[in-house]
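> Can you keep this structure in mind? I'll have questions shortly.
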Amino acid sequence: MSTKKEVRILLVGDSGVGKTSLILALVSEEFPEEVPAKAEEITIPADVTPERVPTHIVDFSYQEQDQEALTDEVKKASVVCIVYAVDDEDSIEKITSNWLPFLRETLGEEHRVPVILVGNKTDLLDFSTMETMMPIMNDFAEVETCVECSAKTLKNISELFYYAQKAVLHPTAPVYNAEEKE
Ligand code: GTP
C-alpha cells in the first residue's frame, strides 16, 4: 500500500519540445493550436485520476523562469518527465548531456525520484526513437519508463500522465544493483 497523498508531475525539457502543448492537450482533449510559454499549474482531483490521488501537473519554461525556479520545482516534484521532440536530435542529446545530470546534481546522485522519458511529436516521424532510449534506461536507474506520444494527434497523452502517476505510487524497485552488492 502506498502512503503518498498526492502526486506532483513536473515536465522539463528543451524549449519547443511541446511541454505546454502536452499539458493543455490532456486537459482539453484537443491539440491547442496556440499555447502560452507556460501552462498554469493544474490540479486534477483524486476522483478523476486513475489511481485516486490528487495530481498536480507543473510546466516549466525558460521563457518565463530561471535556473533557480527550475531547481525549486525539481525539489518539489514527485516524478519528472523529461520531454524531447522525436524529430529534434538536439533535444534527445540533451537528455543525457543536461537533464539527467542536472536532476542528479539537484537531488543527489542516488536519488529515487522517478523519471519518465517522453518523446513528443510522433506525428512528424515514421520511425520510433525507443531504441535510442533503451541504453539511457540501462545507464540511469532513475528512468522508470519511456513513452512516445503526440500532443497533436493525442496519441498516448492520457497514458503518459497515468505512467507518471503510477511511477510515484507503484515504483519498480531495482531488481539488482551491482554497485551495492560488492
Ligand atoms: P517552451 O515553453 O519554450 O519550453 O516550449 P514547450 O516545450 O512548452 O513547447 P510548446 O508546447 O510551446 O510547443 C512548441 C511548438 O511545438 C508549438 O508550435 C506547438 O504547436 C508544437 N507542438 C507541440 N506538440 C506537438 C506535436 O505533438 N506535434 C507537432 N507537430 N507539433 C507540436
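Following the order of the C-alpha cells, chains are lettered A, B, ..., residues in each are numbered from 1, and ligands are numbered from 1.
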When DSSP works through the backbone of this structure, what residues of region 27-176 of chain A end up as alpha helix (DSSP H), shown as a VMD selection string?

chain A and resid 27 to 28 67 to 76 89 to 94 100 to 107 130 to 139 157 to 169

> Would you pick out the contacts of Pro135 (chain A) at 12 Å or less, using only C-alpha atoms, so that residues sharing its chain but fewer than 6 positions from it are not included, and give the list as a ChimeraX atom specification?

/A:95-96,129,141,143,145-146

> Just want the residues within 9 Å of ligand 1, written as a PyMOL selection string, counting only C-alpha atoms and all ligand atoms.

chain A and resi 11-25+31-39+59-64+83-85+120-124+149-155

> Neighbours of Lys166 (chain A) within 12 Å (only C-alpha atoms; same-chain residues fewer than 5 positions away dropped), as a VMD selection string?

chain A and resid 2 4 6 to 9 49 to 53 55 78 to 79 114 to 116 144 to 145 159 to 161 171 to 172

> Just the selected residues (N, CA and C atoms), exported as a JSON list (two decimals), in the first residue's frame, please.


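Writing done, so here's part_3.json:
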```
[["chain", "number", "residue", "atom", "x", "y", "z"],
["A", 2, "SER", "N", 0.49, 2.19, -0.82],
["A", 2, "SER", "CA", 1.25, 3.42, -0.87],
["A", 2, "SER", "C", 0.66, 4.41, 0.13],
["A", 4, "LYS", "N", 1.44, 7.71, -0.28],
["A", 4, "LYS", "CA", 1.54, 9.01, -0.95],
["A", 4, "LYS", "C", 0.16, 9.67, -1.00],
["A", 6, "GLU", "N", -0.36, 12.81, -2.50],
["A", 6, "GLU", "CA", -0.56, 13.49, -3.77],
["A", 6, "GLU", "C", 0.65, 13.29, -4.67],
["A", 7, "VAL", "N", 0.41, 13.54, -5.94],
["A", 7, "VAL", "CA", 1.46, 13.35, -6.93],
["A", 7, "VAL", "C", 1.71, 14.68, -7.61],
["A", 8, "ARG", "N", 2.99, 15.01, -7.75],
["A", 8, "ARG", "CA", 3.35, 16.26, -8.43],
["A", 8, "ARG", "C", 4.22, 15.94, -9.63],
["A", 9, "ILE", "N", 3.65, 16.12, -10.80],
["A", 9, "ILE", "CA", 4.33, 15.75, -12.05],
["A", 9, "ILE", "C", 4.94, 17.01, -12.66],
["A", 49, "THR", "N", -8.71, 10.77, -11.28],
["A", 49, "THR", "CA", -7.42, 10.22, -11.69],
["A", 49, "THR", "C", -7.48, 8.70, -11.58],
["A", 50, "PRO", "N", -6.73, 8.00, -12.43],
["A", 50, "PRO", "CA", -6.81, 6.54, -12.41],
["A", 50, "PRO", "C", -6.46, 5.93, -11.06],
["A", 51, "GLU", "N", -5.53, 6.57, -10.33],
["A", 51, "GLU", "CA", -5.09, 6.00, -9.06],
["A", 51, "GLU", "C", -5.74, 6.66, -7.85],
["A", 52, "ARG", "N", -6.72, 7.53, -8.08],
["A", 52, "ARG", "CA", -7.46, 8.17, -6.99],
["A", 52, "ARG", "C", -6.58, 8.96, -6.02],
["A", 53, "VAL", "N", -5.62, 9.69, -6.59],
["A", 53, "VAL", "CA", -4.74, 10.53, -5.78],
["A", 53, "VAL", "C", -4.70, 11.91, -6.44],
["A", 55, "THR", "N", -3.55, 15.04, -8.19],
["A", 55, "THR", "CA", -2.35, 15.10, -9.02],
["A", 55, "THR", "C", -2.16, 16.52, -9.55],
["A", 78, "SER", "N", 7.34, 14.94, -7.49],
["A", 78, "SER", "CA", 7.37, 13.52, -7.12],
["A", 78, "SER", "C", 7.75, 12.65, -8.31],
["A", 79, "VAL", "N", 7.65, 13.20, -9.50],
["A", 79, "VAL", "CA", 8.10, 12.49, -10.71],
["A", 79, "VAL", "C", 8.45, 13.57, -11.74],
["A", 114, "PRO", "N", 11.39, 9.20, -9.59],
["A", 114, "PRO", "CA", 11.31, 8.54, -10.90],
["A", 114, "PRO", "C", 11.30, 9.54, -12.05],
["A", 115, "VAL", "N", 11.91, 9.13, -13.15],
["A", 115, "VAL", "CA", 11.99, 9.96, -14.35],
["A", 115, "VAL", "C", 11.34, 9.19, -15.50],
["A", 116, "ILE", "N", 10.56, 9.92, -16.28],
["A", 116, "ILE", "CA", 9.96, 9.32, -17.47],
["A", 116, "ILE", "C", 10.46, 10.08, -18.69],
["A", 144, "GLU", "N", 12.29, 5.42, -15.13],
["A", 144, "GLU", "CA", 11.29, 4.39, -14.86],
["A", 144, "GLU", "C", 10.77, 3.79, -16.17],
["A", 145, "THR", "N", 10.50, 4.66, -17.12],
["A", 145, "THR", "CA", 9.99, 4.16, -18.40],
["A", 145, "THR", "C", 10.12, 5.24, -19.46],
["A", 159, "GLU", "N", -2.12, 8.17, -21.33],
["A", 159, "GLU", "CA", -1.20, 7.13, -20.86],
["A", 159, "GLU", "C", 0.02, 7.75, -20.18],
["A", 160, "LEU", "N", 0.55, 8.79, -20.81],
["A", 160, "LEU", "CA", 1.74, 9.43, -20.27],
["A", 160, "LEU", "C", 1.51, 9.88, -18.82],
["A", 161, "PHE", "N", 0.37, 10.55, -18.57],
["A", 161, "PHE", "CA", 0.14, 11.04, -17.23],
["A", 161, "PHE", "C", -0.21, 9.89, -16.27],
["A", 171, "PRO", "N", 6.36, 2.35, -7.52],
["A", 171, "PRO", "CA", 7.69, 2.33, -8.13],
["A", 171, "PRO", "C", 8.21, 0.90, -8.27],
["A", 172, "THR", "N", 8.92, 0.65, -9.35],
["A", 172, "THR", "CA", 9.52, -0.67, -9.51],
["A", 172, "THR", "C", 10.92, -0.60, -8.92]]
```

> Run DSSP on the backbone and give me the residues of chain A it puts in strand (DSSP E), as an MDAnalysis selection string.

chainID A and resid 7:13 42:44 55:58 79:85 115:120 143:148

> How about saving the chosen residues, N, CA and C atoms kept, as a CSV table (one decimal), in the first residue's frame?


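Once everything was written out, this is out-v2.csv:
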```
chain,number,residue,atom,x,y,z
A,7,VAL,N,0.4,13.5,-5.9
A,7,VAL,CA,1.5,13.3,-6.9
A,7,VAL,C,1.7,14.7,-7.6
A,8,ARG,N,3.0,15.0,-7.8
A,8,ARG,CA,3.3,16.3,-8.4
A,8,ARG,C,4.2,15.9,-9.6
A,9,ILE,N,3.6,16.1,-10.8
A,9,ILE,CA,4.3,15.8,-12.1
A,9,ILE,C,4.9,17.0,-12.7
A,10,LEU,N,6.3,17.0,-12.8
A,10,LEU,CA,7.0,18.2,-13.4
A,10,LEU,C,7.4,17.8,-14.8
A,11,LEU,N,7.1,18.7,-15.8
A,11,LEU,CA,7.6,18.5,-17.1
A,11,LEU,C,8.8,19.4,-17.4
A,12,VAL,N,9.9,18.8,-17.8
A,12,VAL,CA,11.1,19.6,-18.2
A,12,VAL,C,11.5,19.2,-19.6
A,13,GLY,N,12.5,19.9,-20.2
A,13,GLY,CA,12.9,19.5,-21.5
A,13,GLY,C,13.2,20.8,-22.3
A,42,ILE,N,-1.8,22.8,-12.9
A,42,ILE,CA,-3.1,22.1,-13.0
A,42,ILE,C,-3.2,21.1,-11.9
A,43,THR,N,-4.4,21.1,-11.2
A,43,THR,CA,-4.6,20.1,-10.2
A,43,THR,C,-5.8,19.2,-10.6
A,44,ILE,N,-5.6,18.0,-10.7
A,44,ILE,CA,-6.6,17.0,-11.1
A,44,ILE,C,-7.1,16.4,-9.8
A,55,THR,N,-3.6,15.0,-8.2
A,55,THR,CA,-2.4,15.1,-9.0
A,55,THR,C,-2.2,16.5,-9.6
A,56,HIS,N,-1.0,17.0,-9.3
A,56,HIS,CA,-0.6,18.4,-9.8
A,56,HIS,C,0.3,18.2,-11.0
A,57,ILE,N,0.0,19.0,-12.1
A,57,ILE,CA,0.9,18.9,-13.3
A,57,ILE,C,1.5,20.3,-13.4
A,58,VAL,N,2.8,20.3,-13.5
A,58,VAL,CA,3.6,21.5,-13.5
A,58,VAL,C,4.4,21.7,-14.7
A,79,VAL,N,7.7,13.2,-9.5
A,79,VAL,CA,8.1,12.5,-10.7
A,79,VAL,C,8.4,13.6,-11.7
A,80,VAL,N,9.5,13.3,-12.5
A,80,VAL,CA,9.9,14.3,-13.5
A,80,VAL,C,9.8,13.7,-14.9
A,81,CYS,N,9.1,14.3,-15.8
A,81,CYS,CA,9.0,13.9,-17.2
A,81,CYS,C,10.0,14.7,-18.0
A,82,ILE,N,11.0,14.1,-18.6
A,82,ILE,CA,12.0,14.8,-19.5
A,82,ILE,C,11.4,14.6,-20.9
A,83,VAL,N,10.9,15.7,-21.4
A,83,VAL,CA,10.3,15.7,-22.7
A,83,VAL,C,11.3,16.1,-23.8
A,84,TYR,N,11.3,15.3,-24.9
A,84,TYR,CA,12.1,15.6,-26.0
A,84,TYR,C,11.1,15.6,-27.2
A,85,ALA,N,11.6,16.1,-28.4
A,85,ALA,CA,10.8,16.0,-29.6
A,85,ALA,C,11.5,15.0,-30.5
A,115,VAL,N,11.9,9.1,-13.1
A,115,VAL,CA,12.0,10.0,-14.3
A,115,VAL,C,11.3,9.2,-15.5
A,116,ILE,N,10.6,9.9,-16.3
A,116,ILE,CA,10.0,9.3,-17.5
A,116,ILE,C,10.5,10.1,-18.7
A,117,LEU,N,10.9,9.3,-19.7
A,117,LEU,CA,11.4,10.0,-20.9
A,117,LEU,C,10.2,10.0,-21.9
A,118,VAL,N,9.9,11.2,-22.3
A,118,VAL,CA,8.7,11.4,-23.1
A,118,VAL,C,9.1,12.0,-24.5
A,119,GLY,N,8.9,11.2,-25.5
A,119,GLY,CA,9.2,11.6,-26.9
A,119,GLY,C,7.9,12.1,-27.5
A,120,ASN,N,7.8,13.4,-27.7
A,120,ASN,CA,6.6,14.1,-28.2
A,120,ASN,C,6.8,14.3,-29.8
A,143,VAL,N,15.4,6.3,-14.4
A,143,VAL,CA,14.5,6.3,-15.5
A,143,VAL,C,13.5,5.1,-15.4
A,144,GLU,N,12.3,5.4,-15.1
A,144,GLU,CA,11.3,4.4,-14.9
A,144,GLU,C,10.8,3.8,-16.2
A,145,THR,N,10.5,4.7,-17.1
A,145,THR,CA,10.0,4.2,-18.4
A,145,THR,C,10.1,5.2,-19.5
A,146,CYS,N,9.9,4.9,-20.7
A,146,CYS,CA,9.8,5.9,-21.7
A,146,CYS,C,8.5,5.7,-22.6
A,147,VAL,N,8.0,6.8,-23.1
A,147,VAL,CA,6.8,6.7,-23.8
A,147,VAL,C,6.9,7.7,-25.0
A,148,GLU,N,6.3,7.3,-26.1
A,148,GLU,CA,6.3,8.2,-27.3
A,148,GLU,C,4.8,8.7,-27.4
```
